[in-house]
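See below for the structure under consideration.
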Amino acid sequence: MNFEAKRCGVLFSPPSIILIYENKSTNKLRKRIIPVRKYSKDSDYRKAAETLKSHPRHRDYLQSVSQSQLERLHIILRDHMQGLSLEQSLASFRLDPEQDLNKLGDDELARKKGKMDELFEKNRKRKDDPDFVYDVEIEFSANQEKCSWDEESDDGF
């Protein structure tokens with residue numbers, strides 16, 4: 001059968017992944033609730049998402065869902081089990097250019113880096129792209145601030 005995922009979400013009680021998909025042969029939208037079993041607040045979200053995606057009962061339905069999206073849904077479930085609200089969990093995926101990433105824990109830093117990698121791949125220009133330019137030259141304005149490094153030192157370096 002040919003299925004195309006339209007939306008994904010989580011259900012906290014009982015812990016489940018909700019999938020709204022279209023059955024291509026009948027062109028009907030359907031909802032599938034996939035229970036997440038043996039998942040606790042200490043579980044590895046990557047392994048759980050991989051196991052769920054490769055499960056023989058669900059793999060046809062989850063074929064069009066990316067691994068990273070399933071991982072994010074498992075992270076949200078795990079955060080809920082750890083006592084975080086949905087808003088707090090979703091805020092950990094947002095990028096703030098003013099935030100100091102050196103002060104984050106390993107898990108939250110991995111989330112931010114994953115989001116940055118996703119944005120990079122989305123905006124990346126490849127040689128095959130129609131608007132790809134090989135040698136880009138940009139002129140910057142002349143009113144730049146002087147820095148102590150720009151000045152010549154007394155040592156002659």
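Going by the structure tokens order, chains are called A, B, ..., each with residues numbered from 1, while ligands are numbered from 1 in the order shown.
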
### Contact residues around Asp44 (chain A) with only C-alpha atoms at 12 Å, ignoring same-chain residues under 6 positions, as a ChimeraX atom specification
/A:38,50-51,71-72,74-75,77-78,107

I need the chosen residues saved as a PDB file, in the first residue's frame, with N, CA, C and O atoms.
```pdb
ATOM      1  N   LYS A  38       7.478   0.678  26.161  1.00  0.00           N
ATOM      2  CA  LYS A  38       8.789   0.511  26.794  1.00  0.00           C
ATOM      3  C   LYS A  38       9.661   1.751  26.612  1.00  0.00           C
ATOM      4  O   LYS A  38      10.849   1.667  26.336  1.00  0.00           O
ATOM      5  N   GLU A  50      14.219   5.000  15.700  1.00  0.00           N
ATOM      6  CA  GLU A  50      14.694   4.056  14.681  1.00  0.00           C
ATOM      7  C   GLU A  50      13.928   2.737  14.765  1.00  0.00           C
ATOM      8  O   GLU A  50      13.533   2.171  13.743  1.00  0.00           O
ATOM      9  N   THR A  51      13.693   2.261  15.980  1.00  0.00           N
ATOM     10  CA  THR A  51      12.954   1.016  16.184  1.00  0.00           C
ATOM     11  C   THR A  51      11.519   1.155  15.690  1.00  0.00           C
ATOM     12  O   THR A  51      10.986   0.257  15.035  1.00  0.00           O
ATOM     13  N   GLU A  71      12.448  11.585  15.877  1.00  0.00           N
ATOM     14  CA  GLU A  71      13.293  11.825  17.043  1.00  0.00           C
ATOM     15  C   GLU A  71      12.772  13.006  17.858  1.00  0.00           C
ATOM     16  O   GLU A  71      12.732  12.955  19.086  1.00  0.00           O
ATOM     17  N   ARG A  72      12.357  14.078  17.180  1.00  0.00           N
ATOM     18  CA  ARG A  72      11.809  15.242  17.888  1.00  0.00           C
ATOM     19  C   ARG A  72      10.542  14.874  18.658  1.00  0.00           C
ATOM     20  O   ARG A  72      10.343  15.315  19.791  1.00  0.00           O
ATOM     21  N   HIS A  74       9.805  11.944  19.885  1.00  0.00           N
ATOM     22  CA  HIS A  74      10.226  11.151  21.041  1.00  0.00           C
ATOM     23  C   HIS A  74      10.848  12.042  22.121  1.00  0.00           C
ATOM     24  O   HIS A  74      10.687  11.787  23.314  1.00  0.00           O
ATOM     25  N   ILE A  75      11.559  13.083  21.713  1.00  0.00           N
ATOM     26  CA  ILE A  75      12.125  14.016  22.692  1.00  0.00           C
ATOM     27  C   ILE A  75      11.002  14.723  23.442  1.00  0.00           C
ATOM     28  O   ILE A  75      11.067  14.894  24.666  1.00  0.00           O
ATOM     29  N   LEU A  77       7.997  13.597  23.994  1.00  0.00           N
ATOM     30  CA  LEU A  77       7.432  12.607  24.924  1.00  0.00           C
ATOM     31  C   LEU A  77       8.317  12.431  26.153  1.00  0.00           C
ATOM     32  O   LEU A  77       7.826  12.403  27.292  1.00  0.00           O
ATOM     33  N   ARG A  78       9.618  12.330  25.928  1.00  0.00           N
ATOM     34  CA  ARG A  78      10.543  12.149  27.048  1.00  0.00           C
ATOM     35  C   ARG A  78      10.546  13.363  27.971  1.00  0.00           C
ATOM     36  O   ARG A  78      10.555  13.224  29.187  1.00  0.00           O
ATOM     37  N   ASP A 107      22.319  17.583  26.192  1.00  0.00           N
ATOM     38  CA  ASP A 107      21.107  17.201  25.482  1.00  0.00           C
ATOM     39  C   ASP A 107      20.498  18.394  24.735  1.00  0.00           C
ATOM     40  O   ASP A 107      20.139  18.293  23.566  1.00  0.00           O
TER      41      ASP A 107
END
```

### Message
Need the shell around Ile17 (chain A): protein/DNA/RNA residues with any atom at most 9 Å away, counting only C-alpha atoms. Skip same-chain ones fewer than 2 positions apart. Format as a PyMOL selection string?
### Response
chain A and resi 8-12+15+19+32-36+70+73-74

Keeping N, CA, C and O atoms, export the residues of the selection given above as a PDB file, in the first residue's frame.
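Final output, again.pdb:
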```
ATOM      1  N   CYS A   8       2.080  14.847  11.902  1.00  0.00           N
ATOM      2  CA  CYS A   8       2.493  13.980  13.003  1.00  0.00           C
ATOM      3  C   CYS A   8       2.316  14.737  14.304  1.00  0.00           C
ATOM      4  O   CYS A   8       2.435  15.967  14.341  1.00  0.00           O
ATOM      5  N   GLY A   9       2.074  14.021  15.364  1.00  0.00           N
ATOM      6  CA  GLY A   9       1.940  14.633  16.678  1.00  0.00           C
ATOM      7  C   GLY A   9       2.153  13.602  17.760  1.00  0.00           C
ATOM      8  O   GLY A   9       2.447  12.433  17.491  1.00  0.00           O
ATOM      9  N   VAL A  10       2.016  14.046  19.000  1.00  0.00           N
ATOM     10  CA  VAL A  10       2.191  13.147  20.140  1.00  0.00           C
ATOM     11  C   VAL A  10       0.934  13.161  21.003  1.00  0.00           C
ATOM     12  O   VAL A  10       0.188  14.138  21.038  1.00  0.00           O
ATOM     13  N   LEU A  11       0.728  12.076  21.676  1.00  0.00           N
ATOM     14  CA  LEU A  11      -0.323  11.932  22.676  1.00  0.00           C
ATOM     15  C   LEU A  11       0.390  11.530  23.962  1.00  0.00           C
ATOM     16  O   LEU A  11       1.137  10.553  23.967  1.00  0.00           O
ATOM     17  N   PHE A  12       0.189  12.296  25.022  1.00  0.00           N
ATOM     18  CA  PHE A  12       0.949  12.057  26.245  1.00  0.00           C
ATOM     19  C   PHE A  12       0.416  10.890  27.065  1.00  0.00           C
ATOM     20  O   PHE A  12       1.177  10.211  27.738  1.00  0.00           O
ATOM     21  N   PRO A  15       1.480   7.278  26.105  1.00  0.00           N
ATOM     22  CA  PRO A  15       2.482   7.810  25.175  1.00  0.00           C
ATOM     23  C   PRO A  15       2.324   7.188  23.787  1.00  0.00           C
ATOM     24  O   PRO A  15       2.426   5.972  23.626  1.00  0.00           O
ATOM     25  N   LEU A  19      -0.403   9.870  13.716  1.00  0.00           N
ATOM     26  CA  LEU A  19      -0.051  10.094  12.320  1.00  0.00           C
ATOM     27  C   LEU A  19      -1.333  10.278  11.513  1.00  0.00           C
ATOM     28  O   LEU A  19      -2.230   9.436  11.554  1.00  0.00           O
ATOM     29  N   ARG A  32      -3.829   7.409  12.464  1.00  0.00           N
ATOM     30  CA  ARG A  32      -3.283   6.196  13.066  1.00  0.00           C
ATOM     31  C   ARG A  32      -2.597   6.587  14.367  1.00  0.00           C
ATOM     32  O   ARG A  32      -1.769   7.492  14.395  1.00  0.00           O
ATOM     33  N   ILE A  33      -2.944   5.907  15.427  1.00  0.00           N
ATOM     34  CA  ILE A  33      -2.311   6.136  16.728  1.00  0.00           C
ATOM     35  C   ILE A  33      -1.351   4.978  16.976  1.00  0.00           C
ATOM     36  O   ILE A  33      -1.756   3.820  17.051  1.00  0.00           O
ATOM     37  N   ILE A  34      -0.065   5.327  17.072  1.00  0.00           N
ATOM     38  CA  ILE A  34       0.988   4.326  17.238  1.00  0.00           C
ATOM     39  C   ILE A  34       1.489   4.403  18.675  1.00  0.00           C
ATOM     40  O   ILE A  34       2.121   5.388  19.067  1.00  0.00           O
ATOM     41  N   PRO A  35       1.208   3.398  19.493  1.00  0.00           N
ATOM     42  CA  PRO A  35       1.666   3.447  20.885  1.00  0.00           C
ATOM     43  C   PRO A  35       3.187   3.323  20.978  1.00  0.00           C
ATOM     44  O   PRO A  35       3.806   2.589  20.207  1.00  0.00           O
ATOM     45  N   VAL A  36       3.756   4.076  21.890  1.00  0.00           N
ATOM     46  CA  VAL A  36       5.201   4.018  22.136  1.00  0.00           C
ATOM     47  C   VAL A  36       5.379   3.217  23.424  1.00  0.00           C
ATOM     48  O   VAL A  36       5.139   3.716  24.514  1.00  0.00           O
ATOM     49  N   LEU A  70      10.701  12.053  13.765  1.00  0.00           N
ATOM     50  CA  LEU A  70      10.348  11.046  14.772  1.00  0.00           C
ATOM     51  C   LEU A  70      11.176  11.217  16.040  1.00  0.00           C
ATOM     52  O   LEU A  70      10.669  11.044  17.148  1.00  0.00           O
ATOM     53  N   LEU A  73       9.689  14.056  18.056  1.00  0.00           N
ATOM     54  CA  LEU A  73       8.476  13.635  18.750  1.00  0.00           C
ATOM     55  C   LEU A  73       8.805  12.798  19.982  1.00  0.00           C
ATOM     56  O   LEU A  73       8.167  12.951  21.035  1.00  0.00           O
ATOM     57  N   HIS A  74       9.805  11.944  19.885  1.00  0.00           N
ATOM     58  CA  HIS A  74      10.226  11.151  21.041  1.00  0.00           C
ATOM     59  C   HIS A  74      10.848  12.042  22.121  1.00  0.00           C
ATOM     60  O   HIS A  74      10.687  11.787  23.314  1.00  0.00           O
TER      61      HIS A  74
END
```

### Query
To one decimal place, how far is CA of Tyr21 (chain A) from CA of Glu4 (chain A) in Å?
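Rounded to one decimal, the two atoms are 5.4 Å apart.
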
### Query
How would you write, as a ChimeraX atom specification, the set of residues in chain A that DSSP gives as strand (DSSP E or B)?
/A:3-11,16-23,28-35

### Task
Among the residues of region 41-115 of chain A, find those DSSP assigns to alpha helix (DSSP H) from the backbone and print them as a ChimeraX atom specification.
/A:45-54,67-81,86-91,106-115

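Distances from A:Phe120, A:Phe93, A:Phe140, A:Tyr61 to Lys6 (chain A) were compared using only C-alpha atoms, and the smallest one belongs to A:Tyr61.
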
### Message
Need the shell around Asn2 (chain A): protein/DNA/RNA residues with any atom at most 8 Å away, counting only C-alpha atoms. Skip same-chain ones fewer than 5 positions apart. Format as a list in words?
### Response
Asn23, Lys24, Ser25 and Asp60 of chain A

Could you save the residues just selected, with C-alpha atoms, as a tab-separated table (two decimals), in the first residue's frame?
```
chain	number	residue	atom	x	y	z
A	23	ASN	CA	-4.06	6.44	1.54
A	24	LYS	CA	-3.00	6.98	-2.09
A	25	SER	CA	-5.16	4.18	-3.48
A	60	ASP	CA	4.72	1.45	5.60
```

### Query
Closest to Lys41 (chain A) among A:Gln82, A:Ser54, A:Ser68, A:Gln99, using only C-alpha atoms?
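So, comparing all the options, the nearest one is A:Gln82.
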